[in-house]
Amino acid sequence: MDKKTERLVNVARMYYEQDRTQSEIADRYGISRPMVSKLLKEARDRGIVTIRINAPKGESGGTPSLMELVGRCFGIYDGVAVPGGPNDQTTNEAVAEAAISYLSELGGASLGIGWGHIIGDVVKHMEQKAKLVPIGTFVCPLIGNGGVGLKNYHSNELVRSIAEHSGAQPRFIYSPACVLSEQELKLTRELDSYHEIYHVWEKLDVALVNIGNFPSVPDFASEARYGDLLIRQKAVGRILNYFMDSQGHIIRSDTDYAIQIPLELLTRTRHVVGICSANTSPKAFRAALKTGYLKHFIAPEHVVREALE
């Protein structure tokens, strides 16, 4: 057995048979947690890992791990199912801490971020760190600024704070999250400032996108953008400010004048990480995994388990 295969076998045994976490395995080998995920995937692809690895002695069937079940159902093998706390606040704090660690380990020169309550928690926890959090060389928003008086929906403020506490260079977006007409949308996209942020989006390594419910709070003029289309097409959730149905299909509208990273650029981003809070509905999380845009996720364990049921 060559050394590479031997390591794949050892990593698989530690994860599936010894119930070691990916972080523990990463510490053991001096590698990143995402690299452990890649090794486990390679072990599966090469047939080193089979259902027998999961089967306890004396039983005919196996008990796959939660991550393995997500991979089988949605094709996403990289992520963190965060154990819940005694209440939503402590669970969200744990999700925020997991996100900071995950982003630091992913690496990449450029990070784009969405908005919302849980991403605001991530930023708040970064602000509390004694040392700079290494997340890349620059950070930018993925969506325009909200018109509500909530810090978590002011994209540029989130980016400014992340830059201050990571040492990354900020790139800002000078636009609201939604404009009022097709003409205003066209004019916005013709601005030099929009061209600049668009070129930043083209080169992203990592995108942290929020997974939310429908209806969403704040609503962000969804009725003006969609009329009753979201109701008729049975929207269940959203990623960024794109709404989706239960099958993960993005709902399109001719009057949707939102300013956010185009989906074709999100598809080209190497690492798209979906994150959700303790009150995200399992059906919204499940739909987000079905969209095909996410390559990683960070979510409370109870949301993940219920989405699989």
# chains A, B, ... in the order shown; residues from 1 in each chain; ligands from 1
>>> residues_around(residues="Leu208 of chain A", least_positions_apart="2", cutoff="12 Å", atoms="only C-alpha atoms", output="PyMOL selection string")
chain A and resi 96+99-100+102-103+106+110-116+118-120+122-123+135+139-143+159+204-206+210-211+239-240+261+266+269-276+293-298
>>> atom_distance(atom1="atom CA of Pro218 of chain A", atom2="atom CA of Ala278 of chain A")
17.0 Å
>>> select_by_dssp(residues="segment 25-156 of chain A", states="helix (DSSP H, G or I)", output="PyMOL selection string")
chain A and resi 25-29+33-45+51-54+66-74+88-106+117-127+151-153+155-156
>>> atom_distance(atom1="atom CA of Asp256 of chain A", atom2="atom CA of Pro170 of chain A")
27.5 Å
>>> atom_distance(atom1="atom CA of Pro215 of chain A", atom2="atom CA of Gly79 of chain A")
25.9 Å
>>> closest_residue(among="A:Thr91, A:Ala43, A:Ile197, A:Ala168", to="Val9 of chain A", atoms="only C-alpha atoms")
A:Ala43
>>> decode(residues="segment 37-153 of chain A", atoms="C-alpha atoms", output="PDB file, in the first residue's frame")
ATOM      1  CA  SER A  37     -13.057  16.675   3.857  1.00  0.00           C
ATOM      2  CA  LYS A  38     -11.267  16.345   0.521  1.00  0.00           C
ATOM      3  CA  LEU A  39      -9.383  13.263   1.713  1.00  0.00           C
ATOM      4  CA  LEU A  40     -12.628  11.656   2.878  1.00  0.00           C
ATOM      5  CA  LYS A  41     -14.238  12.392  -0.469  1.00  0.00           C
ATOM      6  CA  GLU A  42     -11.258  10.889  -2.304  1.00  0.00           C
ATOM      7  CA  ALA A  43     -11.514   7.811  -0.087  1.00  0.00           C
ATOM      8  CA  ARG A  44     -15.164   7.456  -1.104  1.00  0.00           C
ATOM      9  CA  ASP A  45     -14.397   8.073  -4.782  1.00  0.00           C
ATOM     10  CA  ARG A  46     -11.681   5.404  -4.773  1.00  0.00           C
ATOM     11  CA  GLY A  47     -13.882   2.854  -3.039  1.00  0.00           C
ATOM     12  CA  ILE A  48     -11.789   2.821   0.126  1.00  0.00           C
ATOM     13  CA  VAL A  49     -14.833   3.927   2.095  1.00  0.00           C
ATOM     14  CA  THR A  50     -17.912   1.760   1.728  1.00  0.00           C
ATOM     15  CA  ILE A  51     -20.991   1.212   3.826  1.00  0.00           C
ATOM     16  CA  ARG A  52     -19.011  -1.369   5.779  1.00  0.00           C
ATOM     17  CA  ILE A  53     -16.897   1.356   7.335  1.00  0.00           C
ATOM     18  CA  ASN A  54     -20.031   2.651   9.046  1.00  0.00           C
ATOM     19  CA  ALA A  55     -21.372  -0.725  10.166  1.00  0.00           C
ATOM     20  CA  PRO A  56     -20.922  -1.591  13.877  1.00  0.00           C
ATOM     21  CA  LYS A  57     -19.890  -5.181  14.550  1.00  0.00           C
ATOM     22  CA  GLY A  58     -22.756  -7.582  14.887  1.00  0.00           C
ATOM     23  CA  GLU A  59     -25.181  -5.461  12.867  1.00  0.00           C
ATOM     24  CA  SER A  60     -26.163  -6.001   9.267  1.00  0.00           C
ATOM     25  CA  GLY A  61     -26.613  -2.352   8.403  1.00  0.00           C
ATOM     26  CA  GLY A  62     -24.541   0.803   8.789  1.00  0.00           C
ATOM     27  CA  THR A  63     -25.266   4.082  10.508  1.00  0.00           C
ATOM     28  CA  PRO A  64     -23.936   6.847   8.268  1.00  0.00           C
ATOM     29  CA  SER A  65     -22.734  10.093   9.806  1.00  0.00           C
ATOM     30  CA  LEU A  66     -24.829  13.230   9.453  1.00  0.00           C
ATOM     31  CA  MET A  67     -22.377  14.691   6.933  1.00  0.00           C
ATOM     32  CA  GLU A  68     -22.456  11.476   4.936  1.00  0.00           C
ATOM     33  CA  LEU A  69     -26.249  11.649   4.775  1.00  0.00           C
ATOM     34  CA  VAL A  70     -26.123  15.247   3.547  1.00  0.00           C
ATOM     35  CA  GLY A  71     -23.611  14.211   0.922  1.00  0.00           C
ATOM     36  CA  ARG A  72     -25.763  11.339  -0.285  1.00  0.00           C
ATOM     37  CA  CYS A  73     -28.905  13.472  -0.449  1.00  0.00           C
ATOM     38  CA  PHE A  74     -27.514  16.732  -1.812  1.00  0.00           C
ATOM     39  CA  GLY A  75     -23.982  16.061  -3.064  1.00  0.00           C
ATOM     40  CA  ILE A  76     -22.467  18.453  -0.504  1.00  0.00           C
ATOM     41  CA  TYR A  77     -19.818  16.764   1.635  1.00  0.00           C
ATOM     42  CA  ASP A  78     -18.090  19.793   3.143  1.00  0.00           C
ATOM     43  CA  GLY A  79     -19.595  21.695   6.019  1.00  0.00           C
ATOM     44  CA  VAL A  80     -20.335  21.875   9.714  1.00  0.00           C
ATOM     45  CA  ALA A  81     -23.469  20.735  11.544  1.00  0.00           C
ATOM     46  CA  VAL A  82     -23.146  22.781  14.729  1.00  0.00           C
ATOM     47  CA  PRO A  83     -24.485  21.233  17.969  1.00  0.00           C
ATOM     48  CA  GLY A  84     -27.242  23.371  19.422  1.00  0.00           C
ATOM     49  CA  GLY A  85     -27.187  25.230  22.712  1.00  0.00           C
ATOM     50  CA  PRO A  86     -29.915  25.684  25.328  1.00  0.00           C
ATOM     51  CA  ASN A  87     -31.537  28.463  23.287  1.00  0.00           C
ATOM     52  CA  ASP A  88     -31.428  30.122  19.869  1.00  0.00           C
ATOM     53  CA  GLN A  89     -28.960  32.792  20.974  1.00  0.00           C
ATOM     54  CA  THR A  90     -26.323  30.351  22.191  1.00  0.00           C
ATOM     55  CA  THR A  91     -26.853  28.178  19.106  1.00  0.00           C
ATOM     56  CA  ASN A  92     -26.324  31.166  16.829  1.00  0.00           C
ATOM     57  CA  GLU A  93     -23.199  32.105  18.765  1.00  0.00           C
ATOM     58  CA  ALA A  94     -21.852  28.599  18.164  1.00  0.00           C
ATOM     59  CA  VAL A  95     -22.707  28.866  14.456  1.00  0.00           C
ATOM     60  CA  ALA A  96     -20.885  32.208  14.271  1.00  0.00           C
ATOM     61  CA  GLU A  97     -17.763  30.777  15.904  1.00  0.00           C
ATOM     62  CA  ALA A  98     -17.863  27.767  13.582  1.00  0.00           C
ATOM     63  CA  ALA A  99     -18.115  30.101  10.588  1.00  0.00           C
ATOM     64  CA  ILE A 100     -15.067  32.106  11.658  1.00  0.00           C
ATOM     65  CA  SER A 101     -12.993  28.938  12.025  1.00  0.00           C
ATOM     66  CA  TYR A 102     -14.289  27.530   8.749  1.00  0.00           C
ATOM     67  CA  LEU A 103     -13.526  30.687   6.758  1.00  0.00           C
ATOM     68  CA  SER A 104     -10.044  30.884   8.273  1.00  0.00           C
ATOM     69  CA  GLU A 105      -9.305  27.294   7.253  1.00  0.00           C
ATOM     70  CA  LEU A 106     -10.737  27.619   3.739  1.00  0.00           C
ATOM     71  CA  GLY A 107      -8.183  30.232   2.811  1.00  0.00           C
ATOM     72  CA  GLY A 108      -8.469  32.144  -0.435  1.00  0.00           C
ATOM     73  CA  ALA A 109      -7.495  35.686  -1.272  1.00  0.00           C
ATOM     74  CA  SER A 110     -10.977  37.143  -1.619  1.00  0.00           C
ATOM     75  CA  LEU A 111     -14.161  36.855   0.449  1.00  0.00           C
ATOM     76  CA  GLY A 112     -17.645  38.057  -0.433  1.00  0.00           C
ATOM     77  CA  ILE A 113     -20.334  38.205   2.253  1.00  0.00           C
ATOM     78  CA  GLY A 114     -24.103  38.358   2.283  1.00  0.00           C
ATOM     79  CA  TRP A 115     -26.132  39.948   5.044  1.00  0.00           C
ATOM     80  CA  GLY A 116     -28.687  39.161   7.727  1.00  0.00           C
ATOM     81  CA  HIS A 117     -28.862  38.291  11.397  1.00  0.00           C
ATOM     82  CA  ILE A 118     -26.523  35.291  11.393  1.00  0.00           C
ATOM     83  CA  ILE A 119     -23.845  37.022   9.307  1.00  0.00           C
ATOM     84  CA  GLY A 120     -24.162  39.960  11.684  1.00  0.00           C
ATOM     85  CA  ASP A 121     -23.403  37.500  14.507  1.00  0.00           C
ATOM     86  CA  VAL A 122     -20.307  36.325  12.635  1.00  0.00           C
ATOM     87  CA  VAL A 123     -19.113  39.927  12.345  1.00  0.00           C
ATOM     88  CA  LYS A 124     -19.855  40.617  16.036  1.00  0.00           C
ATOM     89  CA  HIS A 125     -17.787  37.601  17.100  1.00  0.00           C
ATOM     90  CA  MET A 126     -14.917  38.713  14.856  1.00  0.00           C
ATOM     91  CA  GLU A 127     -15.031  42.100  16.588  1.00  0.00           C
ATOM     92  CA  GLN A 128     -14.571  40.367  19.947  1.00  0.00           C
ATOM     93  CA  LYS A 129     -11.395  38.531  18.935  1.00  0.00           C
ATOM     94  CA  ALA A 130      -8.130  39.691  20.488  1.00  0.00           C
ATOM     95  CA  LYS A 131      -6.231  38.913  17.286  1.00  0.00           C
ATOM     96  CA  LEU A 132      -6.908  39.541  13.623  1.00  0.00           C
ATOM     97  CA  VAL A 133      -8.911  36.768  11.925  1.00  0.00           C
ATOM     98  CA  PRO A 134      -7.192  35.649   8.685  1.00  0.00           C
ATOM     99  CA  ILE A 135      -9.902  35.494   6.005  1.00  0.00           C
ATOM    100  CA  GLY A 136      -8.001  36.716   2.929  1.00  0.00           C
ATOM    101  CA  THR A 137      -6.534  39.833   1.393  1.00  0.00           C
ATOM    102  CA  PHE A 138      -9.792  41.621   0.622  1.00  0.00           C
ATOM    103  CA  VAL A 139     -13.481  41.407   1.477  1.00  0.00           C
ATOM    104  CA  CYS A 140     -16.538  42.744  -0.324  1.00  0.00           C
ATOM    105  CA  PRO A 141     -20.359  42.708  -0.098  1.00  0.00           C
ATOM    106  CA  LEU A 142     -22.398  40.390  -2.299  1.00  0.00           C
ATOM    107  CA  ILE A 143     -25.506  42.561  -2.130  1.00  0.00           C
ATOM    108  CA  GLY A 144     -26.426  46.240  -1.911  1.00  0.00           C
ATOM    109  CA  ASN A 145     -27.255  48.061   1.303  1.00  0.00           C
ATOM    110  CA  GLY A 146     -30.609  47.584   3.008  1.00  0.00           C
ATOM    111  CA  GLY A 147     -32.861  50.543   3.592  1.00  0.00           C
ATOM    112  CA  VAL A 148     -33.764  49.498   7.135  1.00  0.00           C
ATOM    113  CA  GLY A 149     -32.224  50.673  10.371  1.00  0.00           C
ATOM    114  CA  LEU A 150     -30.574  47.350  11.156  1.00  0.00           C
ATOM    115  CA  LYS A 151     -26.785  47.095  11.106  1.00  0.00           C
ATOM    116  CA  ASN A 152     -26.906  43.489   9.928  1.00  0.00           C
ATOM    117  CA  TYR A 153     -28.407  44.620   6.608  1.00  0.00           C
TER     118      TYR A 153
END
